[in-house]
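Novice: final.csv is reproduced below (CSV, C-alpha atoms).
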chain,number,residue,atom,x,y,z
A,1,MET,CA,4.8,-29.7,22.8
A,2,SER,CA,6.8,-27.0,21.0
A,3,LEU,CA,5.5,-23.6,19.8
A,4,GLN,CA,7.0,-21.8,16.9
A,5,ALA,CA,6.8,-18.0,16.7
A,6,GLN,CA,5.3,-16.6,13.5
A,7,VAL,CA,7.0,-13.2,14.0
A,8,SER,CA,10.4,-12.4,15.6
A,9,VAL,CA,11.5,-8.9,16.5
A,10,THR,CA,15.0,-7.7,17.1
A,11,ALA,CA,16.0,-4.1,17.9
A,12,THR,CA,19.1,-2.0,18.7
A,13,GLY,CA,17.3,-0.2,21.6
A,14,GLY,CA,14.8,-1.1,24.3
A,15,VAL,CA,14.3,-4.9,24.4
A,16,PRO,CA,16.8,-6.2,21.8
A,17,GLY,CA,15.2,-9.6,21.3
A,18,PRO,CA,14.8,-11.7,19.4
A,19,THR,CA,11.3,-11.6,20.8
A,20,ALA,CA,8.6,-13.9,19.5
A,21,TYR,CA,5.0,-12.8,18.7
A,22,PRO,CA,2.1,-14.8,17.2
A,23,THR,CA,1.0,-12.1,14.8
A,24,LEU,CA,2.2,-8.9,13.1
A,25,LYS,CA,-0.3,-7.0,15.1
A,26,ALA,CA,1.2,-8.2,18.4
A,27,ALA,CA,4.6,-7.1,17.2
A,28,PHE,CA,3.3,-3.7,16.1
A,29,ASP,CA,1.6,-3.3,19.5
A,30,ALA,CA,4.9,-3.9,21.3
A,31,ILE,CA,6.7,-1.4,19.1
A,32,ASN,CA,3.9,1.2,19.7
A,33,ALA,CA,4.3,0.6,23.5
A,34,GLY,CA,8.1,1.4,23.2
A,35,THR,CA,9.2,-2.2,24.0
A,36,HIS,CA,11.5,-2.4,20.9
A,37,GLN,CA,13.3,0.8,19.8
A,38,LEU,CA,15.6,2.5,17.3
A,39,SER,CA,16.4,0.2,14.3
A,40,ILE,CA,14.0,-2.6,14.3
A,41,SER,CA,13.8,-5.8,12.2
A,42,ILE,CA,10.6,-7.9,12.0
A,43,ALA,CA,11.2,-11.4,10.7
A,44,ILE,CA,8.1,-13.3,9.4
A,45,THR,CA,9.1,-16.8,10.3
A,46,GLY,CA,5.8,-18.5,9.6
A,47,ASN,CA,2.3,-17.8,8.3
A,48,THR,CA,0.2,-15.4,10.4
A,49,THR,CA,-3.5,-15.0,10.8
A,50,GLU,CA,-4.5,-11.5,11.7
A,51,THR,CA,-7.8,-11.1,13.5
A,52,ALA,CA,-7.7,-7.3,13.7
A,53,THR,CA,-5.8,-4.5,11.9
A,54,ALA,CA,-2.1,-4.5,12.6
A,55,VAL,CA,-1.5,-0.7,13.3
A,56,LEU,CA,1.9,0.8,13.4
A,57,ASN,CA,1.9,4.3,14.8
A,58,SER,CA,4.4,7.1,14.2
A,59,SER,CA,7.5,7.3,16.3
A,60,GLY,CA,7.2,9.5,19.3
A,61,ALA,CA,6.5,8.6,22.9
A,62,PRO,CA,5.9,5.9,23.7
A,63,ALA,CA,7.0,4.4,20.3
A,64,ASN,CA,10.7,5.3,19.5
A,65,TYR,CA,12.1,3.9,16.3
A,66,ASN,CA,14.3,5.2,13.4
A,67,SER,CA,13.5,2.5,10.9
A,68,ILE,CA,11.6,-0.8,10.6
A,69,LEU,CA,12.3,-3.6,8.2
A,70,ILE,CA,9.7,-6.4,7.7
A,71,LYS,CA,10.9,-9.5,5.8
A,72,PRO,CA,10.1,-13.2,5.4
A,73,THR,CA,12.9,-15.5,6.7
A,74,GLY,CA,13.6,-19.2,7.1
A,75,GLY,CA,13.9,-20.2,3.4
A,76,ALA,CA,10.2,-20.5,2.6
A,77,ALA,CA,7.4,-18.2,1.3
A,78,ARG,CA,5.2,-16.7,4.0
A,79,VAL,CA,1.6,-15.5,4.2
A,80,ILE,CA,0.1,-12.7,6.3
A,81,SER,CA,-3.6,-13.0,6.0
A,82,GLY,CA,-6.8,-12.1,7.7
A,83,ASN,CA,-10.5,-11.4,7.3
A,84,VAL,CA,-10.5,-7.7,8.4
A,85,ALA,CA,-13.2,-5.3,7.4
A,86,GLY,CA,-11.0,-2.3,7.9
A,87,ALA,CA,-7.3,-2.6,6.8
A,88,LEU,CA,-5.1,-5.7,7.3
A,89,ILE,CA,-2.1,-3.4,7.9
A,90,LYS,CA,-2.2,0.3,8.7
A,91,LEU,CA,0.9,2.4,8.7
A,92,ASN,CA,-0.5,5.3,10.8
A,93,GLY,CA,1.8,8.2,10.2
A,94,ALA,CA,4.7,5.8,10.4
A,95,ASP,CA,8.0,6.7,8.7
A,96,ASN,CA,10.9,4.8,7.3
A,97,VAL,CA,9.2,1.4,7.2
A,98,THR,CA,10.1,-1.2,4.6
A,99,ILE,CA,8.1,-4.3,3.8
A,100,ASP,CA,10.4,-6.4,1.6
A,101,GLY,CA,8.8,-9.7,0.5
A,102,SER,CA,12.0,-11.2,-1.0
A,103,LEU,CA,14.0,-14.1,0.3
A,104,THR,CA,16.5,-13.4,-2.4
A,105,ALA,CA,16.8,-10.3,-4.4
A,106,GLY,CA,13.7,-9.5,-6.5
A,107,THR,CA,11.6,-12.6,-5.6
A,108,ARG,CA,8.1,-12.3,-4.2
A,109,ASP,CA,8.0,-14.6,-1.2
A,110,LEU,CA,5.6,-12.7,1.1
A,111,THR,CA,1.8,-12.8,0.4
A,112,ILE,CA,-0.3,-10.2,2.1
A,113,ARG,CA,-4.0,-11.2,1.8
A,114,ASN,CA,-7.2,-9.7,3.1
A,115,THR,CA,-10.2,-12.0,2.6
A,116,ALA,CA,-12.8,-9.6,3.9
A,117,THR,CA,-16.1,-9.4,2.0
A,118,SER,CA,-17.9,-6.7,4.0
A,119,GLY,CA,-17.1,-3.1,5.1
A,120,THR,CA,-14.6,-1.0,3.1
A,121,PRO,CA,-11.5,-3.2,3.4
A,122,GLN,CA,-8.0,-2.3,2.5
A,123,ILE,CA,-5.0,-4.5,2.5
A,124,ILE,CA,-2.2,-2.0,3.2
A,125,TRP,CA,-3.3,1.5,4.4
A,126,VAL,CA,-0.6,4.2,4.4
A,127,ALA,CA,-2.2,6.9,6.4
A,128,SER,CA,-1.6,10.5,7.6
A,129,VAL,CA,-2.5,11.4,11.2
A,130,SER,CA,-2.5,15.2,10.9
A,131,ALA,CA,-1.4,18.0,8.7
A,132,SER,CA,2.1,17.6,10.1
A,133,ASN,CA,2.3,13.9,10.5
A,134,GLY,CA,2.1,12.0,7.2
A,135,ALA,CA,3.6,8.6,6.4
A,136,THR,CA,6.9,9.1,4.7
A,137,GLY,CA,9.7,6.9,3.5
A,138,ILE,CA,7.5,3.9,3.2
A,139,THR,CA,8.6,1.0,0.9
A,140,VAL,CA,6.4,-1.9,-0.1
A,141,MET,CA,8.3,-4.2,-2.5
A,142,ASN,CA,8.6,-7.8,-3.7
A,143,CYS,CA,5.2,-8.8,-2.3
A,144,ILE,CA,2.1,-10.5,-3.5
A,145,ILE,CA,-0.8,-8.3,-2.3
A,146,GLU,CA,-4.3,-9.7,-3.0
A,147,GLY,CA,-7.9,-9.9,-2.0
A,148,THR,CA,-10.1,-12.7,-3.1
A,149,ALA,CA,-12.3,-13.0,-6.2
A,150,PRO,CA,-14.4,-11.2,-7.3
A,151,ALA,CA,-12.3,-8.1,-7.3
A,152,ASN,CA,-14.9,-5.7,-5.9
A,153,ARG,CA,-14.6,-7.1,-2.4
A,154,ILE,CA,-11.5,-5.2,-1.5
A,155,HIS,CA,-11.5,-1.4,-1.8
A,156,ALA,CA,-7.7,-1.0,-2.4
A,157,ALA,CA,-4.7,-3.2,-2.2
A,158,ILE,CA,-2.5,-0.2,-1.3
A,159,MET,CA,-4.4,2.9,-0.1
A,160,GLN,CA,-2.4,6.0,0.6
A,161,SER,CA,-4.7,8.6,2.0
A,162,SER,CA,-6.4,10.1,5.1
A,163,GLY,CA,-5.9,8.2,8.3
A,164,THR,CA,-9.4,8.9,9.4
A,165,THR,CA,-11.3,7.6,6.3
A,166,ALA,CA,-9.5,5.4,3.8
A,167,GLY,CA,-9.7,7.0,0.3
A,168,ASN,CA,-10.3,10.6,1.5
A,169,ALA,CA,-7.8,13.3,1.0
A,170,ALA,CA,-4.9,13.0,3.4
A,171,GLU,CA,-4.7,15.3,6.4
A,172,GLY,CA,-1.0,15.9,5.6
A,173,PRO,CA,1.3,14.8,2.8
A,174,ASN,CA,2.3,11.2,2.6
A,175,SER,CA,5.5,11.5,0.6
A,176,THR,CA,8.6,9.8,-0.8
A,177,ASN,CA,6.9,6.4,-0.7
A,178,LEU,CA,7.8,3.5,-3.0
A,179,TYR,CA,5.6,0.7,-4.3
A,180,ALA,CA,7.8,-1.6,-6.4
A,181,ASN,CA,7.9,-5.1,-7.9
A,182,ASN,CA,4.7,-6.3,-6.3
A,183,GLN,CA,2.1,-8.6,-7.8
A,184,ILE,CA,-1.3,-7.0,-7.0
A,185,ARG,CA,-4.7,-8.5,-7.8
A,186,PHE,CA,-8.4,-8.8,-6.7
A,187,ALA,CA,-9.2,-5.2,-5.6
A,188,GLN,CA,-11.2,-2.2,-6.8
A,189,TYR,CA,-7.9,-0.2,-6.8
A,190,ALA,CA,-4.4,-1.7,-7.0
A,191,VAL,CA,-2.7,1.5,-5.7
A,192,ALA,CA,-4.6,4.7,-4.9
A,193,MET,CA,-2.9,7.8,-3.6
A,194,ALA,CA,-5.0,10.8,-2.4
A,195,GLY,CA,-2.9,13.8,-1.4
A,196,PRO,CA,-4.3,16.6,0.9
A,197,SER,CA,-5.3,19.2,-1.7
A,198,SER,CA,-4.4,20.9,-5.0
A,199,THR,CA,-2.3,23.4,-3.0
A,200,ASN,CA,-0.8,20.9,-0.5
A,201,LEU,CA,0.5,17.9,-2.5
A,202,ASP,CA,2.1,14.6,-1.7
A,203,ILE,CA,5.7,14.7,-2.8
A,204,GLU,CA,7.7,12.4,-5.1
A,205,ASN,CA,5.9,9.1,-4.6
A,206,THR,CA,6.8,6.2,-7.0
A,207,ILE,CA,4.8,3.2,-8.3
A,208,THR,CA,7.1,1.1,-10.5
A,209,ASN,CA,7.6,-2.4,-11.9
A,210,ASN,CA,4.4,-3.9,-10.5
A,211,VAL,CA,2.3,-6.6,-12.1
A,212,ILE,CA,-1.4,-5.7,-11.7
A,213,THR,CA,-4.3,-8.0,-12.7
A,214,ASP,CA,-8.0,-8.6,-11.9
A,215,ILE,CA,-8.9,-5.1,-10.9
A,216,TRP,CA,-12.5,-3.8,-10.7
A,217,TYR,CA,-12.3,-0.1,-11.2
A,218,ARG,CA,-8.9,1.7,-11.3
A,219,ALA,CA,-5.5,0.0,-11.4
A,220,ILE,CA,-3.5,3.1,-10.4
A,221,TRP,CA,-5.1,6.3,-9.2
A,222,ALA,CA,-3.0,9.4,-8.1
A,223,GLY,CA,-4.5,12.7,-7.0
A,224,ASN,CA,-2.9,15.8,-5.5
A,225,GLN,CA,0.7,14.7,-6.3
A,226,PHE,CA,4.0,16.6,-6.9
A,227,GLY,CA,6.6,14.7,-8.9
A,228,VAL,CA,4.8,11.4,-9.0
A,229,LEU,CA,6.6,8.6,-11.0
A,230,ILE,CA,4.4,5.8,-12.5
A,231,SER,CA,6.8,3.6,-14.5
A,232,GLN,CA,7.2,0.2,-16.0
A,233,ASN,CA,4.1,-1.3,-14.5
A,234,THR,CA,2.2,-4.1,-16.3
A,235,ILE,CA,-1.6,-3.7,-16.0
A,236,THR,CA,-4.0,-6.2,-17.5
A,237,GLY,CA,-7.6,-6.9,-16.7
A,238,VAL,CA,-9.6,-3.9,-15.4
A,239,THR,CA,-13.0,-5.3,-16.2
A,240,GLY,CA,-15.5,-5.0,-13.4
A,241,VAL,CA,-17.6,-1.8,-13.5
A,242,SER,CA,-20.6,-1.3,-15.7
A,243,GLY,CA,-19.8,2.4,-15.7
A,244,SER,CA,-21.3,5.8,-15.4
A,245,SER,CA,-20.2,9.3,-16.4
A,246,THR,CA,-17.7,9.3,-13.6
A,247,GLN,CA,-16.9,5.6,-13.4
A,248,GLN,CA,-14.9,4.4,-16.3
A,249,SER,CA,-12.5,1.4,-16.2
A,250,VAL,CA,-9.0,2.9,-16.1
A,251,GLY,CA,-5.5,1.6,-16.2
A,252,ILE,CA,-3.8,4.7,-14.8
A,253,GLN,CA,-5.6,7.9,-13.8
A,254,VAL,CA,-4.1,11.2,-12.4
A,255,ALA,CA,-6.6,13.6,-11.0
A,256,ASN,CA,-7.1,16.8,-8.9
A,257,GLY,CA,-3.8,18.7,-8.4
A,258,ILE,CA,-0.9,17.4,-10.3
A,259,THR,CA,2.5,19.2,-10.6
A,260,ASP,CA,5.4,17.7,-12.5
A,261,GLY,CA,5.7,14.0,-12.7
A,262,LEU,CA,6.3,11.2,-15.2
A,263,ILE,CA,4.2,8.3,-16.5
A,264,GLU,CA,6.4,6.1,-18.7
A,265,LYS,CA,7.0,2.6,-20.1
A,266,ASN,CA,3.8,1.1,-18.7
A,267,THR,CA,2.2,-1.9,-20.5
A,268,ILE,CA,-1.6,-1.6,-20.3
A,269,SER,CA,-4.1,-4.1,-21.8
A,270,ASN,CA,-7.6,-5.6,-21.4
A,271,ILE,CA,-9.3,-2.5,-20.0
A,272,LYS,CA,-13.0,-3.2,-20.5
A,273,ILE,CA,-16.4,-1.9,-19.4
A,274,SER,CA,-19.9,-3.4,-19.9
A,275,GLY,CA,-21.6,-0.1,-20.2
A,276,PHE,CA,-21.1,2.7,-22.7
A,277,TRP,CA,-19.2,5.3,-20.7
A,278,GLY,CA,-15.8,4.3,-21.9
A,279,ALA,CA,-12.6,2.6,-20.8
A,280,ASP,CA,-9.2,4.3,-20.7
A,281,GLY,CA,-5.7,3.0,-20.7
A,282,ILE,CA,-4.4,6.4,-19.3
A,283,LEU,CA,-6.8,9.1,-18.1
A,284,LEU,CA,-5.4,12.6,-17.5
A,285,ASN,CA,-7.8,14.4,-15.3
A,286,SER,CA,-5.8,17.0,-13.5
A,287,THR,CA,-7.3,20.3,-12.4
A,288,SER,CA,-3.9,22.1,-12.3
A,289,ALA,CA,-3.5,24.9,-14.8
A,290,ASN,CA,0.2,24.1,-15.4
A,291,THR,CA,0.6,20.4,-14.8
A,292,ASN,CA,4.0,19.8,-16.4
A,293,LEU,CA,3.3,16.0,-16.3
A,294,SER,CA,5.1,14.0,-19.0
A,295,VAL,CA,3.6,10.8,-20.5
A,296,GLN,CA,6.0,8.7,-22.5
Can you turn what I pasted into structure tokens?
Specialist:
Amino acid sequence: MSLQAQVSVTATGGVPGPTAYPTLKAAFDAINAGTHQLSISIAITGNTTETATAVLNSSGAPANYNSILIKPTGGAARVISGNVAGALIKLNGADNVTIDGSLTAGTRDLTIRNTATSGTPQIIWVASVSASNGATGITVMNCIIEGTAPANRIHAAIMQSSGTTAGNAAEGPNSTNLYANNQIRFAQYAVAMAGPSSTNLDIENTITNNVITDIWYRAIWAGNQFGVLISQNTITGVTGVSGSSTQQSVGIQVANGITDGLIEKNTISNIKISGFWGADGILLNSTSANTNLSVQ
């Protein structure tokens, strides 16, 4: 009998590997324990089934890394999946982490799927730990990120927020993060970013070139952001909610404190609601007196 590792870790410090693990969670646990250090590569060599949240903590004893790259390998598309009521993947104050789902430049060959139907499930949770320990330099690109139909089962495909309660204002800024060229579907929110406050903003986050379909509530929501860029996304099919005075179907919404930033070249269609409260392609709902946000 031969066993094939689903995840293979190599590193420039600590145990160099390659070291085989059955799940992404097991690989993250080893990194959190300081087993692999400095520049780390995580190869997804087969499909994984996660039975609990794969949590990657920030670097600092015992974890000790400069950067982490997660990619599929082996010439075939891979799937990271699980039925997890919390988050499938949590980047818990982690910095300089790239999830690149491509086998060749620009292809989407890694599916990240949470099939949970209870709790408040996320798929990828980018989380701050404290006022001084946000998640920065995160890139999620070239992936298929999905729940299962109907779209109201998953809270958010990508949630950037508090590390204590997903969706709440972050404890500290989660900044300079990039979400690019993903296919996102079957969630209440495709990408939601909740900065700490109107006087303590996330800085220069980018959501670009994603294809977003089958969303229940908001495709993109960004609050308490400085210099946010939301560009060249294709959004179609926000159709779930029946609506209320605070619950419209929306393609892109900015809210709370917003300073500077650009919303441009997005294609938005099929935003519907069954009630009478309205549906919005772009909803500008900032509380800032001088937003300086450009919409083109």
Novice: Work out how far atom CA of A:Ile215 is from atom CA of A:Gly275, in Å to one decimal.
Specialist: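 If I compute the distance from atom CA of A:Gly275 to atom CA of A:Ile215, I get 16.5 Å.
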Novice: Could you make a table, as JSON lines, of the residues of stretch 8-34 of chain A that have an atom within 10 Å of an atom of stretch 85-100 of chain A, each with its nearest atom pair and distance in Å to one decimal, counting only C-alpha atoms, in chain and number order?
Specialist:
{"residue": "A:Leu24", "atom": "CA", "partner": "A:Ile89", "partner_atom": "CA", "distance": 8.7}
{"residue": "A:Lys25", "atom": "CA", "partner": "A:Ile89", "partner_atom": "CA", "distance": 8.2}
{"residue": "A:Phe28", "atom": "CA", "partner": "A:Ile89", "partner_atom": "CA", "distance": 9.8}
Novice: My list of candidates is A:Ile112, A:Ala63, A:Leu38, A:Ala33. Which is closest to A:Thr12 when distances are computed with only C-alpha atoms?
Specialist: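 Closest to A:Thr12 of all the choices is A:Leu38.
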Novice: Tell me, in Å to one decimal, how far atom CA of A:Gly119 is from atom CA of A:Glu171.
Specialist: 22.2 Å
Novice: Could you give me, as a PyMOL selection string, the residues within 8 Å of A:Gly251, counting only C-alpha atoms and dropping anything in the same chain fewer than 3 positions from it?
Specialist: chain A and resi 218-220+235+238+268+271+280-283
Novice: Could you dump the residues just selected with C-alpha atoms as a tab-separated table (two decimals), keeping the file's coordinate frame?
Specialist:
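Result file is out_18.tsv:
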chain	number	residue	atom	x	y	z
A	218	ARG	CA	-8.90	1.70	-11.30
A	219	ALA	CA	-5.50	0.00	-11.40
A	220	ILE	CA	-3.50	3.10	-10.40
A	235	ILE	CA	-1.60	-3.70	-16.00
A	238	VAL	CA	-9.60	-3.90	-15.40
A	268	ILE	CA	-1.60	-1.60	-20.30
A	271	ILE	CA	-9.30	-2.50	-20.00
A	280	ASP	CA	-9.20	4.30	-20.70
A	281	GLY	CA	-5.70	3.00	-20.70
A	282	ILE	CA	-4.40	6.40	-19.30
A	283	LEU	CA	-6.80	9.10	-18.10
Novice: Pick out the closest residue to A:Asn200 from this set: A:Ile230, A:Ala30, A:Ala131, A:Ile138. Count only C-alpha atoms.
Specialist: A:Ala131
Novice: Which residue, A:Ile252, A:Val191, A:Ala61, A:Ile80, has the smallest gap to A:Thr23 when you use only C-alpha atoms?
Specialist: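 For A:Thr23, the nearest of the given residues is A:Ile80.
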Novice: Can you measure atom CA of A:Ser198 to atom CA of A:Ala156 for me? One decimal in Å is fine.
Specialist: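 Computed distance, atom CA of A:Ser198 to atom CA of A:Ala156, equals 22.3 Å.
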Novice: Closest to A:Arg185 among A:Thr111, A:Asn168, A:Gln160, A:Gln225, using all atoms listed in the file?
Specialist: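 The answer is A:Thr111, which sits nearest to A:Arg185.
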Novice: Find, counting only C-alpha atoms, the residue in A:Ala27, A:Leu293, A:Ala190, A:Val254 that gets nearest to A:Val55.
Specialist: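 Selected residue with least distance to A:Val55: A:Ala27.
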Novice: Residues at most 8 Å from A:Asn270, counting all atoms listed in the file, excluding those fewer than 3 positions away in the same chain, as a VMD selection string?
Specialist: chain A and resid 236 to 239
Novice: Restricting the calculation to all atoms listed in the file, which member of A:Thr165, A:Ala76, A:Gly101, A:Pro196 is positioned closest to A:Ser132?
Specialist: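 Result for the nearest residue to A:Ser132: A:Pro196.
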